[in-house]
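Novice: Take a look at model_32.cif, mmCIF, C-alpha atoms and all ligand atoms:
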data_data
loop_
_atom_site.group_PDB
_atom_site.id
_atom_site.type_symbol
_atom_site.label_atom_id
_atom_site.label_comp_id
_atom_site.auth_asym_id
_atom_site.auth_seq_id
_atom_site.Cartn_x
_atom_site.Cartn_y
_atom_site.Cartn_z
ATOM 1 C CA MET A 1 0.000 0.000 0.000
ATOM 2 C CA ASP A 2 1.519 3.369 -0.941
ATOM 3 C CA LEU A 3 1.366 6.440 1.274
ATOM 4 C CA GLU A 4 -1.551 8.057 -0.541
ATOM 5 C CA GLU A 5 -3.563 4.847 -0.292
ATOM 6 C CA THR A 6 -2.896 4.675 3.467
ATOM 7 C CA ALA A 7 -3.883 8.337 3.840
ATOM 8 C CA ARG A 8 -7.165 7.721 1.980
ATOM 9 C CA LYS A 9 -7.951 4.644 4.075
ATOM 10 C CA ILE A 10 -7.367 6.609 7.290
ATOM 11 C CA GLU A 11 -9.577 9.424 5.975
ATOM 12 C CA SER A 12 -12.387 7.052 5.039
ATOM 13 C CA MET A 13 -11.926 5.193 8.363
ATOM 14 C CA ASP A 14 -11.234 1.879 6.626
ATOM 15 C CA ILE A 15 -8.225 2.093 8.911
ATOM 16 C CA ARG A 16 -9.442 3.490 12.229
ATOM 17 C CA GLY A 17 -8.802 3.602 15.972
ATOM 18 C CA ALA A 18 -6.238 5.991 17.417
ATOM 19 C CA ALA A 19 -3.538 3.333 17.811
ATOM 20 C CA LYS A 20 -4.107 1.701 14.446
ATOM 21 C CA ILE A 21 -3.946 4.940 12.471
ATOM 22 C CA ALA A 22 -0.691 5.810 14.264
ATOM 23 C CA ARG A 23 0.869 2.462 13.345
ATOM 24 C CA ALA A 24 -0.441 2.716 9.767
ATOM 25 C CA ALA A 25 1.152 6.174 9.417
ATOM 26 C CA ALA A 26 4.489 4.895 10.770
ATOM 27 C CA SER A 27 4.365 1.975 8.375
ATOM 28 C CA ALA A 28 3.516 4.266 5.420
ATOM 29 C CA LEU A 29 6.515 6.492 6.224
ATOM 30 C CA LYS A 30 8.762 3.446 6.395
ATOM 31 C CA SER A 31 7.594 2.285 2.936
ATOM 32 C CA PHE A 32 8.009 5.824 1.631
ATOM 33 C CA ALA A 33 11.639 5.870 2.826
ATOM 34 C CA MET A 34 12.425 2.366 1.585
ATOM 35 C CA ASP A 35 10.934 3.032 -1.878
ATOM 36 C CA TYR A 36 12.564 6.459 -2.282
ATOM 37 C CA ASP A 37 14.675 6.449 -5.445
ATOM 38 C CA GLY A 38 16.091 9.991 -5.448
ATOM 39 C CA SER A 39 19.699 10.814 -4.621
ATOM 40 C CA ASP A 40 19.524 14.102 -2.731
ATOM 41 C CA ILE A 41 19.028 14.152 1.054
ATOM 42 C CA LYS A 42 17.573 17.657 1.058
ATOM 43 C CA GLN A 43 14.991 16.667 -1.500
ATOM 44 C CA PHE A 44 14.270 13.500 0.498
ATOM 45 C CA ARG A 45 13.659 15.543 3.649
ATOM 46 C CA ASP A 46 11.346 17.930 1.752
ATOM 47 C CA GLU A 47 9.332 15.105 0.222
ATOM 48 C CA LEU A 48 9.193 13.305 3.554
ATOM 49 C CA LYS A 49 7.752 16.415 5.185
ATOM 50 C CA MET A 50 5.083 16.611 2.483
ATOM 51 C CA ALA A 51 4.255 12.937 3.000
ATOM 52 C CA ALA A 52 4.027 13.546 6.759
ATOM 53 C CA SER A 53 1.690 16.516 6.274
ATOM 54 C CA ARG A 54 -0.549 14.447 4.050
ATOM 55 C CA LEU A 55 -0.832 11.741 6.706
ATOM 56 C CA ILE A 56 -1.451 14.254 9.487
ATOM 57 C CA SER A 57 -4.179 15.989 7.488
ATOM 58 C CA THR A 58 -6.327 12.847 7.413
ATOM 59 C CA ARG A 59 -7.707 12.972 10.966
ATOM 60 C CA PRO A 60 -7.254 16.106 13.049
ATOM 61 C CA THR A 61 -8.187 14.965 16.568
ATOM 62 C CA ALA A 62 -6.123 11.881 17.410
ATOM 63 C CA VAL A 63 -2.723 13.147 18.544
ATOM 64 C CA SER A 64 -1.486 9.544 18.308
ATOM 65 C CA LEU A 65 -1.209 10.097 14.561
ATOM 66 C CA ARG A 66 0.811 13.317 14.836
ATOM 67 C CA ASN A 67 3.001 11.873 17.576
ATOM 68 C CA ALA A 68 3.758 8.752 15.515
ATOM 69 C CA VAL A 69 4.670 10.870 12.494
ATOM 70 C CA SER A 70 6.932 13.184 14.474
ATOM 71 C CA ILE A 71 8.696 10.284 16.261
ATOM 72 C CA VAL A 72 9.446 8.642 12.894
ATOM 73 C CA LEU A 73 10.428 11.898 11.187
ATOM 74 C CA LYS A 74 13.153 12.584 13.741
ATOM 75 C CA GLY A 75 15.081 9.755 12.058
ATOM 76 C CA ALA A 76 15.879 12.039 9.129
ATOM 77 C CA ASP A 77 17.037 14.983 11.274
ATOM 78 C CA SER A 78 20.335 13.623 12.541
ATOM 79 C CA ALA A 79 21.278 11.556 9.461
ATOM 80 C CA GLU A 80 24.448 12.497 7.600
ATOM 81 C CA ASP A 81 23.456 11.061 4.259
ATOM 82 C CA LEU A 82 20.477 9.696 2.391
ATOM 83 C CA VAL A 83 21.263 6.028 3.094
ATOM 84 C CA MET A 84 21.345 6.723 6.811
ATOM 85 C CA ALA A 85 18.229 8.902 6.696
ATOM 86 C CA ARG A 86 16.203 6.188 4.954
ATOM 87 C CA LYS A 87 17.500 3.539 7.341
ATOM 88 C CA ASN A 88 16.738 5.683 10.415
ATOM 89 C CA ILE A 89 13.194 6.327 9.248
ATOM 90 C CA ALA A 90 12.599 2.602 8.732
ATOM 91 C CA THR A 91 14.098 1.727 12.126
ATOM 92 C CA ARG A 92 12.115 4.359 14.008
ATOM 93 C CA ALA A 93 8.883 3.287 12.285
ATOM 94 C CA GLU A 94 9.486 -0.351 13.230
ATOM 95 C CA GLU A 95 10.313 0.642 16.801
ATOM 96 C CA PHE A 96 7.161 2.731 17.052
ATOM 97 C CA ILE A 97 4.985 -0.149 15.838
ATOM 98 C CA THR A 98 6.618 -2.655 18.215
ATOM 99 C CA ASN A 99 6.368 -0.280 21.178
ATOM 100 C CA SER A 100 2.740 0.469 20.370
ATOM 101 C CA GLU A 101 1.885 -3.239 20.371
ATOM 102 C CA LYS A 102 3.848 -3.827 23.577
ATOM 103 C CA ALA A 103 2.084 -0.884 25.233
ATOM 104 C CA LEU A 104 -1.275 -2.434 24.415
ATOM 105 C CA ASN A 105 -0.296 -5.684 26.162
ATOM 106 C CA THR A 106 1.065 -3.831 29.183
ATOM 107 C CA ILE A 107 -2.115 -1.748 29.475
ATOM 108 C CA ALA A 108 -4.171 -4.965 29.312
ATOM 109 C CA GLU A 109 -2.010 -6.497 32.085
ATOM 110 C CA ILE A 110 -2.290 -3.464 34.345
ATOM 111 C CA GLY A 111 -5.878 -2.499 33.559
ATOM 112 C CA SER A 112 -7.332 -5.994 33.880
ATOM 113 C CA LYS A 113 -6.204 -6.122 37.538
ATOM 114 C CA ARG A 114 -8.781 -3.401 38.224
ATOM 115 C CA ILE A 115 -11.602 -5.560 36.870
ATOM 116 C CA LYS A 116 -13.151 -7.718 39.566
ATOM 117 C CA GLU A 117 -14.969 -11.044 39.546
ATOM 118 C CA ASN A 118 -18.637 -10.595 38.502
ATOM 119 C CA ASP A 119 -18.068 -7.020 37.285
ATOM 120 C CA ILE A 120 -20.474 -5.576 34.763
ATOM 121 C CA LEU A 121 -18.562 -3.265 32.445
ATOM 122 C CA LEU A 122 -19.667 -0.668 29.946
ATOM 123 C CA THR A 123 -17.609 0.368 26.938
ATOM 124 C CA HIS A 124 -18.140 2.824 24.120
ATOM 125 C CA CYS A 125 -17.062 2.770 20.479
ATOM 126 C CA ASN A 126 -14.211 0.407 19.648
ATOM 127 C CA SER A 127 -10.951 0.886 21.500
ATOM 128 C CA SER A 128 -8.209 -1.709 21.179
ATOM 129 C CA ALA A 129 -6.751 -0.557 24.522
ATOM 130 C CA ALA A 130 -10.082 -0.886 26.354
ATOM 131 C CA LEU A 131 -10.933 -4.185 24.666
ATOM 132 C CA SER A 132 -7.564 -5.852 25.307
ATOM 133 C CA THR A 133 -8.014 -4.973 28.971
ATOM 134 C CA ILE A 134 -11.494 -6.501 29.084
ATOM 135 C CA ILE A 135 -10.401 -9.589 27.135
ATOM 136 C CA LYS A 136 -7.376 -10.083 29.417
ATOM 137 C CA ALA A 137 -9.652 -10.071 32.495
ATOM 138 C CA HIS A 138 -11.882 -12.640 30.785
ATOM 139 C CA LYS A 139 -8.873 -14.812 29.831
ATOM 140 C CA ASP A 140 -7.677 -14.637 33.434
ATOM 141 C CA GLY A 141 -10.872 -16.471 34.307
ATOM 142 C CA LYS A 142 -12.907 -13.586 35.692
ATOM 143 C CA ASN A 143 -16.629 -13.857 35.247
ATOM 144 C CA ILE A 144 -17.544 -10.531 33.609
ATOM 145 C CA GLU A 145 -20.217 -9.063 31.397
ATOM 146 C CA VAL A 146 -20.139 -6.061 29.088
ATOM 147 C CA TYR A 147 -22.597 -3.501 27.796
ATOM 148 C CA ALA A 148 -21.345 -2.167 24.454
ATOM 149 C CA THR A 149 -22.885 0.976 22.991
ATOM 150 C CA GLU A 150 -23.785 1.112 19.330
ATOM 151 C CA SER A 151 -21.689 4.303 18.906
ATOM 152 C CA ARG A 152 -23.546 6.295 16.316
ATOM 153 C CA PRO A 153 -23.065 7.472 13.689
ATOM 154 C CA LYS A 154 -20.444 4.965 12.447
ATOM 155 C CA ARG A 155 -21.571 2.156 14.784
ATOM 156 C CA GLN A 156 -18.101 0.987 15.793
ATOM 157 C CA GLY A 157 -19.939 -0.757 18.659
ATOM 158 C CA TYR A 158 -20.748 -3.545 16.201
ATOM 159 C CA ILE A 159 -17.025 -4.261 15.845
ATOM 160 C CA THR A 160 -16.698 -4.275 19.638
ATOM 161 C CA ILE A 161 -19.578 -6.647 20.167
ATOM 162 C CA ARG A 162 -18.241 -9.062 17.536
ATOM 163 C CA GLN A 163 -14.740 -9.025 19.040
ATOM 164 C CA LEU A 164 -16.041 -9.633 22.562
ATOM 165 C CA VAL A 165 -18.483 -12.338 21.533
ATOM 166 C CA ASP A 166 -15.726 -14.070 19.513
ATOM 167 C CA GLU A 167 -13.656 -14.161 22.703
ATOM 168 C CA GLY A 168 -16.596 -15.597 24.637
ATOM 169 C CA VAL A 169 -17.318 -12.479 26.713
ATOM 170 C CA PRO A 170 -21.069 -12.167 27.427
ATOM 171 C CA THR A 171 -21.951 -8.834 25.825
ATOM 172 C CA THR A 172 -25.132 -6.811 25.430
ATOM 173 C CA LEU A 173 -25.484 -4.247 22.654
ATOM 174 C CA ILE A 174 -27.325 -1.068 23.617
ATOM 175 C CA VAL A 175 -28.141 2.131 21.768
ATOM 176 C CA ASP A 176 -26.178 5.140 22.941
ATOM 177 C CA SER A 177 -29.231 6.692 24.561
ATOM 178 C CA ALA A 178 -29.731 3.636 26.834
ATOM 179 C CA VAL A 179 -26.560 4.390 28.803
ATOM 180 C CA ARG A 180 -28.200 6.240 31.711
ATOM 181 C CA HIS A 181 -30.870 3.578 31.959
ATOM 182 C CA VAL A 182 -28.354 0.735 32.393
ATOM 183 C CA MET A 183 -25.771 2.659 34.438
ATOM 184 C CA PRO A 184 -27.131 1.587 37.861
ATOM 185 C CA ASN A 185 -26.216 -2.023 36.900
ATOM 186 C CA VAL A 186 -22.672 -1.140 35.829
ATOM 187 C CA ASP A 187 -19.554 -1.564 38.013
ATOM 188 C CA LEU A 188 -16.935 0.043 35.778
ATOM 189 C CA VAL A 189 -16.863 2.091 32.564
ATOM 190 C CA ILE A 190 -13.859 1.342 30.362
ATOM 191 C CA VAL A 191 -13.087 3.467 27.300
ATOM 192 C CA GLY A 192 -10.112 4.393 25.161
ATOM 193 C CA ALA A 193 -8.826 7.812 24.150
ATOM 194 C CA ASP A 194 -7.784 9.579 21.007
ATOM 195 C CA THR A 195 -6.005 12.347 22.878
ATOM 196 C CA VAL A 196 -5.258 13.192 26.497
ATOM 197 C CA ALA A 197 -4.600 16.876 27.139
ATOM 198 C CA SER A 198 -2.123 18.238 29.692
ATOM 199 C CA ASN A 199 -4.958 19.295 32.046
ATOM 200 C CA GLY A 200 -6.318 15.719 32.035
ATOM 201 C CA ASP A 201 -9.129 16.251 29.531
ATOM 202 C CA VAL A 202 -9.840 12.989 27.700
ATOM 203 C CA ILE A 203 -10.875 13.343 24.083
ATOM 204 C CA ASN A 204 -12.648 10.252 22.820
ATOM 205 C CA LYS A 205 -15.558 9.185 20.616
ATOM 206 C CA ILE A 206 -18.593 11.458 20.701
ATOM 207 C CA GLY A 207 -20.815 10.396 23.585
ATOM 208 C CA THR A 208 -17.979 9.530 25.969
ATOM 209 C CA SER A 209 -18.514 12.665 28.054
ATOM 210 C CA GLN A 210 -22.234 11.891 28.488
ATOM 211 C CA ILE A 211 -21.357 8.370 29.574
ATOM 212 C CA ALA A 212 -18.834 9.748 32.075
ATOM 213 C CA LEU A 213 -21.443 12.164 33.388
ATOM 214 C CA CYS A 214 -23.970 9.342 33.884
ATOM 215 C CA ALA A 215 -21.264 7.251 35.554
ATOM 216 C CA HIS A 216 -20.417 10.138 37.864
ATOM 217 C CA GLU A 217 -24.073 10.543 38.786
ATOM 218 C CA ALA A 218 -24.390 6.812 39.557
ATOM 219 C CA ARG A 219 -20.976 6.747 41.333
ATOM 220 C CA VAL A 220 -19.565 4.275 38.813
ATOM 221 C CA PRO A 221 -15.809 4.628 38.222
ATOM 222 C CA VAL A 222 -14.514 5.537 34.758
ATOM 223 C CA MET A 223 -11.239 3.981 33.585
ATOM 224 C CA VAL A 224 -9.554 5.266 30.425
ATOM 225 C CA CYS A 225 -6.990 3.044 28.686
ATOM 226 C CA ALA A 226 -4.495 5.069 26.663
ATOM 227 C CA GLU A 227 -0.909 4.613 25.491
ATOM 228 C CA THR A 228 1.349 7.545 26.363
ATOM 229 C CA TYR A 229 1.723 8.529 22.702
ATOM 230 C CA LYS A 230 -1.916 9.650 22.940
ATOM 231 C CA PHE A 231 -0.885 12.389 25.373
ATOM 232 C CA SER A 232 -0.633 15.742 23.668
ATOM 233 C CA ALA A 233 2.446 17.870 24.265
ATOM 234 C CA GLU A 234 0.837 20.538 22.077
ATOM 235 C CA THR A 235 -1.761 21.187 24.784
ATOM 236 C CA LEU A 236 1.031 22.108 27.230
ATOM 237 C CA THR A 237 1.320 25.386 25.396
ATOM 238 C CA GLY A 238 -2.406 25.949 25.523
ATOM 239 C CA GLU A 239 -3.295 24.547 22.108
ATOM 240 C CA ILE A 240 -6.928 23.439 21.972
ATOM 241 C CA VAL A 241 -7.619 19.960 20.572
ATOM 242 C CA LYS A 242 -9.491 20.271 17.301
ATOM 243 C CA ILE A 243 -12.670 18.197 17.237
ATOM 244 C CA GLU A 244 -13.096 16.445 13.902
ATOM 245 C CA GLU A 245 -16.373 17.004 12.067
ATOM 246 C CA ARG A 246 -17.211 14.397 9.469
ATOM 247 C CA ASP A 247 -19.580 14.146 6.534
ATOM 248 C CA VAL A 248 -23.170 14.624 7.725
ATOM 249 C CA ASN A 249 -24.248 11.750 5.477
ATOM 250 C CA GLU A 250 -22.781 9.473 8.158
ATOM 251 C CA ILE A 251 -25.856 10.447 10.225
ATOM 252 C CA VAL A 252 -28.631 10.582 7.612
ATOM 253 C CA ARG A 253 -28.724 11.173 3.882
ATOM 254 C CA GLN A 254 -28.674 14.942 3.544
ATOM 255 C CA LYS A 255 -30.826 14.648 0.423
ATOM 256 C CA ASP A 256 -33.624 13.115 2.547
ATOM 257 C CA PHE A 257 -33.549 16.211 4.748
ATOM 258 C CA PRO A 258 -33.156 19.108 2.359
ATOM 259 C CA LYS A 259 -32.731 22.484 4.044
ATOM 260 C CA VAL A 260 -31.905 20.823 7.379
ATOM 261 C CA ARG A 261 -28.579 21.717 8.940
ATOM 262 C CA ILE A 262 -26.865 18.598 10.289
ATOM 263 C CA PHE A 263 -23.856 18.629 12.587
ATOM 264 C CA ASN A 264 -21.523 15.636 12.975
ATOM 265 C CA PRO A 265 -18.768 16.171 15.556
ATOM 266 C CA VAL A 266 -17.151 12.774 16.122
ATOM 267 C CA PHE A 267 -15.276 13.340 19.388
ATOM 268 C CA ASP A 268 -15.981 15.103 22.658
ATOM 269 C CA VAL A 269 -14.068 16.221 25.711
ATOM 270 C CA THR A 270 -14.466 14.554 29.096
ATOM 271 C CA PRO A 271 -13.022 16.746 31.852
ATOM 272 C CA PRO A 272 -10.718 15.097 34.414
ATOM 273 C CA GLU A 273 -13.258 15.320 37.232
ATOM 274 C CA TYR A 274 -15.288 12.631 35.452
ATOM 275 C CA VAL A 275 -12.361 10.259 34.962
ATOM 276 C CA ASP A 276 -11.076 8.153 37.846
ATOM 277 C CA VAL A 277 -7.907 6.721 36.323
ATOM 278 C CA ILE A 278 -5.976 6.555 33.084
ATOM 279 C CA VAL A 279 -4.174 3.265 32.514
ATOM 280 C CA THR A 280 -1.020 3.760 30.469
ATOM 281 C CA GLU A 281 1.863 1.382 29.723
ATOM 282 C CA LYS A 282 3.850 3.315 32.328
ATOM 283 C CA GLY A 283 1.276 2.661 35.040
ATOM 284 C CA VAL A 284 -2.031 3.928 36.367
ATOM 285 C CA ILE A 285 -2.325 7.678 36.782
ATOM 286 C CA SER A 286 -4.900 10.179 37.875
ATOM 287 C CA PRO A 287 -6.006 12.306 34.893
ATOM 288 C CA TYR A 288 -4.578 15.267 36.804
ATOM 289 C CA ALA A 289 -1.107 13.718 36.376
ATOM 290 C CA ALA A 290 -1.275 13.932 32.570
ATOM 291 C CA TYR A 291 1.029 16.924 32.704
ATOM 292 C CA GLU A 292 3.744 14.831 34.400
ATOM 293 C CA ILE A 293 3.496 12.142 31.709
ATOM 294 C CA ILE A 294 3.860 14.719 28.938
ATOM 295 C CA LYS A 295 6.818 16.338 30.701
ATOM 296 C CA SER A 296 8.577 12.985 31.086
ATOM 297 C CA LEU A 297 7.948 12.122 27.417
ATOM 298 C CA ASN A 298 9.410 15.436 26.345
ATOM 299 C CA SER A 299 12.551 14.847 28.378
ATOM 300 C CA ASP A 300 12.931 11.267 26.967
ATOM 301 C CA SER A 301 12.790 12.355 23.330
HETATM 302 P P1 LIG B 401 -7.660 2.614 20.355
HETATM 303 C C1 LIG B 401 -11.350 5.602 18.088
HETATM 304 O O1 LIG B 401 -11.531 6.614 17.164
HETATM 305 C C2 LIG B 401 -12.367 5.664 19.217
HETATM 306 O O2 LIG B 401 -12.668 6.980 19.630
HETATM 307 C C3 LIG B 401 -11.602 4.896 20.260
HETATM 308 O O3 LIG B 401 -12.146 5.057 21.549
HETATM 309 C C4 LIG B 401 -10.224 5.519 20.120
HETATM 310 O O4 LIG B 401 -10.051 5.678 18.708
HETATM 311 C C5 LIG B 401 -9.092 4.762 20.710
HETATM 312 O O5 LIG B 401 -8.937 3.521 20.070
HETATM 313 P P2 LIG B 401 -12.148 6.341 15.656
HETATM 314 O O6 LIG B 401 -10.953 6.076 14.764
HETATM 315 O O7 LIG B 401 -6.440 3.381 19.994
HETATM 316 O O8 LIG B 401 -13.131 5.224 15.680
HETATM 317 O O9 LIG B 401 -7.686 2.269 21.827
HETATM 318 O O10 LIG B 401 -12.765 7.665 15.336
HETATM 319 O O11 LIG B 401 -7.859 1.396 19.471
#
Let me see whether you can do it: turn the structure in this file into structure tokens.
Specialist:
Amino acid sequence: MDLEETARKIESMDIRGAAKIARAAASALKSFAMDYDGSDIKQFRDELKMAASRLISTRPTAVSLRNAVSIVLKGADSAEDLVMARKNIATRAEEFITNSEKALNTIAEIGSKRIKENDILLTHCNSSAALSTIIKAHKDGKNIEVYATESRPKRQGYITIRQLVDEGVPTTLIVDSAVRHVMPNVDLVIVGADTVASNGDVINKIGTSQIALCAHEARVPVMVCAETYKFSAETLTGEIVKIEERDVNEIVRQKDFPKVRIFNPVFDVTPPEYVDVIVTEKGVISPYAAYEIIKSLNSDS
């Protein structure tokens, strides 16, 4: 798959999920570097930057994508010649993909310990980090059940319910508006994140903040599972996370509702007071400690 094809698939959400789009972007940059047939390092760097911008333009909210691209791109900065630059890009992309997969397993290990025998869980959309945690608890022999929301408009909840049922986890599909109704039966809400801001705001699929509010009202804890590359250093300097708006035809066919204005924001912001913990591969943190995570990532890089 060439870079443009990857970019289109991310745009159309054929490739989706904050972690998956990050790994797909890293992989596309690796292929771009390996296939590069020019001979000038300056030109390579310029073309690489254009390729990176194209990938970043596909989905504006998930910082995982921008972080993956910038981690990989650093490989070209220090290189003395083109051979080294191409090799560095490929190595950094491979490392990113491996670390991302390892992080997922570590999050599942850590997060599943917080799931108790006979817990009834509720999840929203389709998060690989949240699902690996749930599946790990099930594989450890815990008797658990899950409510999975449909997650309109794209209905990623269908993917979730299939994955959980395939693993043998008893799962009930509900429409998004049934969340408050079922919340009194729920022991723990588990969701993923597309971006975590330095003040602890969690940006995830539209509807997450309503779920967190209902959970708060019913005194049900909310656990967010997110790899540290989903933490946004940009927000340290006060940058606001842009909320992606997608084609309104994802909701209804605009032509069936002529003259009606339709609005399709696909993420929302859950403030830290509605999140109990964030499980990262570095450990469990309070959302208020997001700043510390971002600071430590900045000093590592
Ligand atoms: P993982 C998804 O975004 C959902 O919002 C999901 O909760 C989040 O990414 C994290 O997913 P979309 O691509 O990285 O469906 O945990 O818009 O797989």
Novice: Select the residues contacting ligand LIG 401 (chain B) at a distance of at most 7 Å, based on only C-alpha atoms and all ligand atoms, then format the selection as number ranges by chain.
Specialist: A: 13, 16-20, 124-130, 156, 191-194, 204-205, 225-226, 266-267
Novice: List the neighbours of Leu121 in chain A out to 12 Å using all atoms listed in the file; skip same-chain residues closer than 4 positions along the sequence, and give me the result as a ChimeraX atom specification.
Specialist: /A:112,114-117,130-131,133-135,137-138,143-149,169-172,179,182-191,215,220-223
Novice: Could you state the separation of CA of Ile15 in chain A and CA of Val277 in chain A in Å, given to one decimal place?
Specialist: 27.8 Å
Novice: Here's the selection I'm unsure about, the PyMOL selection byres (((chain A and resi 59) around 12) and not hetatm); applied to the file above, which residues does it give, as an mmCIF file with C-alpha atoms, in the coordinates of the input?
Specialist:
data_model
loop_
_atom_site.group_PDB
_atom_site.id
_atom_site.type_symbol
_atom_site.label_atom_id
_atom_site.label_comp_id
_atom_site.auth_asym_id
_atom_site.auth_seq_id
_atom_site.Cartn_x
_atom_site.Cartn_y
_atom_site.Cartn_z
ATOM 1 C CA ALA A 7 -3.883 8.337 3.840
ATOM 2 C CA ARG A 8 -7.165 7.721 1.980
ATOM 3 C CA LYS A 9 -7.951 4.644 4.075
ATOM 4 C CA ILE A 10 -7.367 6.609 7.290
ATOM 5 C CA GLU A 11 -9.577 9.424 5.975
ATOM 6 C CA SER A 12 -12.387 7.052 5.039
ATOM 7 C CA MET A 13 -11.926 5.193 8.363
ATOM 8 C CA ILE A 15 -8.225 2.093 8.911
ATOM 9 C CA ARG A 16 -9.442 3.490 12.229
ATOM 10 C CA GLY A 17 -8.802 3.602 15.972
ATOM 11 C CA ALA A 18 -6.238 5.991 17.417
ATOM 12 C CA ILE A 21 -3.946 4.940 12.471
ATOM 13 C CA ALA A 22 -0.691 5.810 14.264
ATOM 14 C CA ALA A 25 1.152 6.174 9.417
ATOM 15 C CA SER A 53 1.690 16.516 6.274
ATOM 16 C CA ARG A 54 -0.549 14.447 4.050
ATOM 17 C CA LEU A 55 -0.832 11.741 6.706
ATOM 18 C CA ILE A 56 -1.451 14.254 9.487
ATOM 19 C CA SER A 57 -4.179 15.989 7.488
ATOM 20 C CA THR A 58 -6.327 12.847 7.413
ATOM 21 C CA PRO A 60 -7.254 16.106 13.049
ATOM 22 C CA THR A 61 -8.187 14.965 16.568
ATOM 23 C CA ALA A 62 -6.123 11.881 17.410
ATOM 24 C CA VAL A 63 -2.723 13.147 18.544
ATOM 25 C CA SER A 64 -1.486 9.544 18.308
ATOM 26 C CA LEU A 65 -1.209 10.097 14.561
ATOM 27 C CA ARG A 66 0.811 13.317 14.836
ATOM 28 C CA ASP A 194 -7.784 9.579 21.007
ATOM 29 C CA VAL A 241 -7.619 19.960 20.572
ATOM 30 C CA LYS A 242 -9.491 20.271 17.301
ATOM 31 C CA ILE A 243 -12.670 18.197 17.237
ATOM 32 C CA GLU A 244 -13.096 16.445 13.902
ATOM 33 C CA GLU A 245 -16.373 17.004 12.067
ATOM 34 C CA ARG A 246 -17.211 14.397 9.469
ATOM 35 C CA VAL A 266 -17.151 12.774 16.122
ATOM 36 C CA PHE A 267 -15.276 13.340 19.388
#
Novice: Could you expand the PyMOL selection byres (((chain A and resi 37-50) around 10) and not hetatm) into the explicit residues it covers here, written as an MDAnalysis selection string?
Specialist: chainID A and resid 29 32:36 51:56 69:70 73 76:77 79:86 89
Novice: Apply the PyMOL selection byres (((chain A and resi 155) around 10) and not hetatm) to the file shown and report the selected residues as number ranges by chain.
Specialist: A: 124-126, 149-154, 156-160, 175-176, 250
Novice: Starting from 6 Å padding per side, set up an axis-aligned box that covers all listed atoms of range 43-60 of chain A and hand over centre and edge lengths in Å, one decimal, as lines of an AutoDock Vina configuration file.
Specialist:
center_x = 3.6
center_y = 14.8
center_z = 5.8
size_x = 34.7
size_y = 18.2
size_z = 26.5
Novice: One decimal, Å: what's the distance from CA of Asp268 in chain A over to CA of Gln210 in chain A, could you say?
Specialist: 9.1 Å
Novice: Please measure the separation of CA of Glu281 in chain A and CA of Ile110 in chain A, giving the value in Å to one decimal.
Specialist: 7.9 Å
Novice: Just checking: using only C-alpha atoms, which residue out of A:Ile294, A:Ile161, A:Ala26, A:Ala218 ends up closest to Thr6 in chain A?
Specialist: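 Among the listed residues, the smallest separation from Thr6 in chain A belongs to A:Ala26.
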Novice: Using all atoms listed in the file, pick whichever of A:Asp276, A:Asp166, A:Glu5, A:Glu94 has the shortest atom-to-atom distance to Arg219 in chain A.
Specialist: A:Asp276
Novice: Compute the distance from (6.6, 11.1, 19.2) to each atom, counting all atoms listed in the file, keep the residues with any atom at most 12 Å away, and return them as a PyMOL selection string; use the coordinates of the file.
Specialist: chain A and resi 22-23+26+63-75+92-93+95-97+99-100+227-234+294+297-301
Novice: For Glu109 in chain A, which residue among A:Thr91, A:Ser209, A:Ser296, A:Ser132 is the nearest when counting all atoms listed in the file?
Specialist: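 Of A:Thr91, A:Ser209, A:Ser296, A:Ser132, the one nearest Glu109 in chain A, counting all atoms listed in the file, is A:Ser132.
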Novice: Could you list, as a list in words, every residue within 10 Å of Met1 in chain A, counting only C-alpha atoms and ignoring same-chain residues fewer than 6 positions away?
Specialist: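 The neighbour list is Ala7, Ser27, Ala28 and Ser31 of chain A.
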Novice: Of the candidates A:Val248, A:Val269, A:Ile240, A:Leu173, which shows the shortest atom-to-atom distance to Ile206 in chain A, using all atoms listed in the file?
Specialist: A:Val269
Novice: Which of these, A:Gly283, A:Thr106, A:Glu292, A:Glu217, has the shortest distance to Gly200 in chain A once you count only C-alpha atoms?
Specialist: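 For Gly200 in chain A, the nearest of the given residues is A:Glu292.
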Novice: Starting from the sparse input, extend range 286-292 of chain A to N, CA and C atoms and give the output as a CSV table (one decimal), in the frame of the given file.
Specialist:
chain,number,residue,atom,x,y,z
A,286,SER,N,-3.7,9.3,37.8
A,286,SER,CA,-4.9,10.2,37.9
A,286,SER,C,-4.9,11.1,36.6
A,287,PRO,N,-6.0,11.4,36.1
A,287,PRO,CA,-6.0,12.3,34.9
A,287,PRO,C,-5.3,13.6,35.2
A,288,TYR,N,-5.3,14.0,36.5
A,288,TYR,CA,-4.6,15.3,36.8
A,288,TYR,C,-3.1,15.1,36.7
A,289,ALA,N,-2.6,13.9,36.5
A,289,ALA,CA,-1.1,13.7,36.4
A,289,ALA,C,-0.7,13.7,34.9
A,290,ALA,N,-1.6,14.0,34.0
A,290,ALA,CA,-1.3,13.9,32.6
A,290,ALA,C,-0.1,14.8,32.3
A,291,TYR,N,0.0,16.0,32.9
A,291,TYR,CA,1.0,16.9,32.7
A,291,TYR,C,2.4,16.3,33.0
A,292,GLU,N,2.5,15.5,34.0
A,292,GLU,CA,3.7,14.8,34.4
A,292,GLU,C,4.2,13.8,33.3
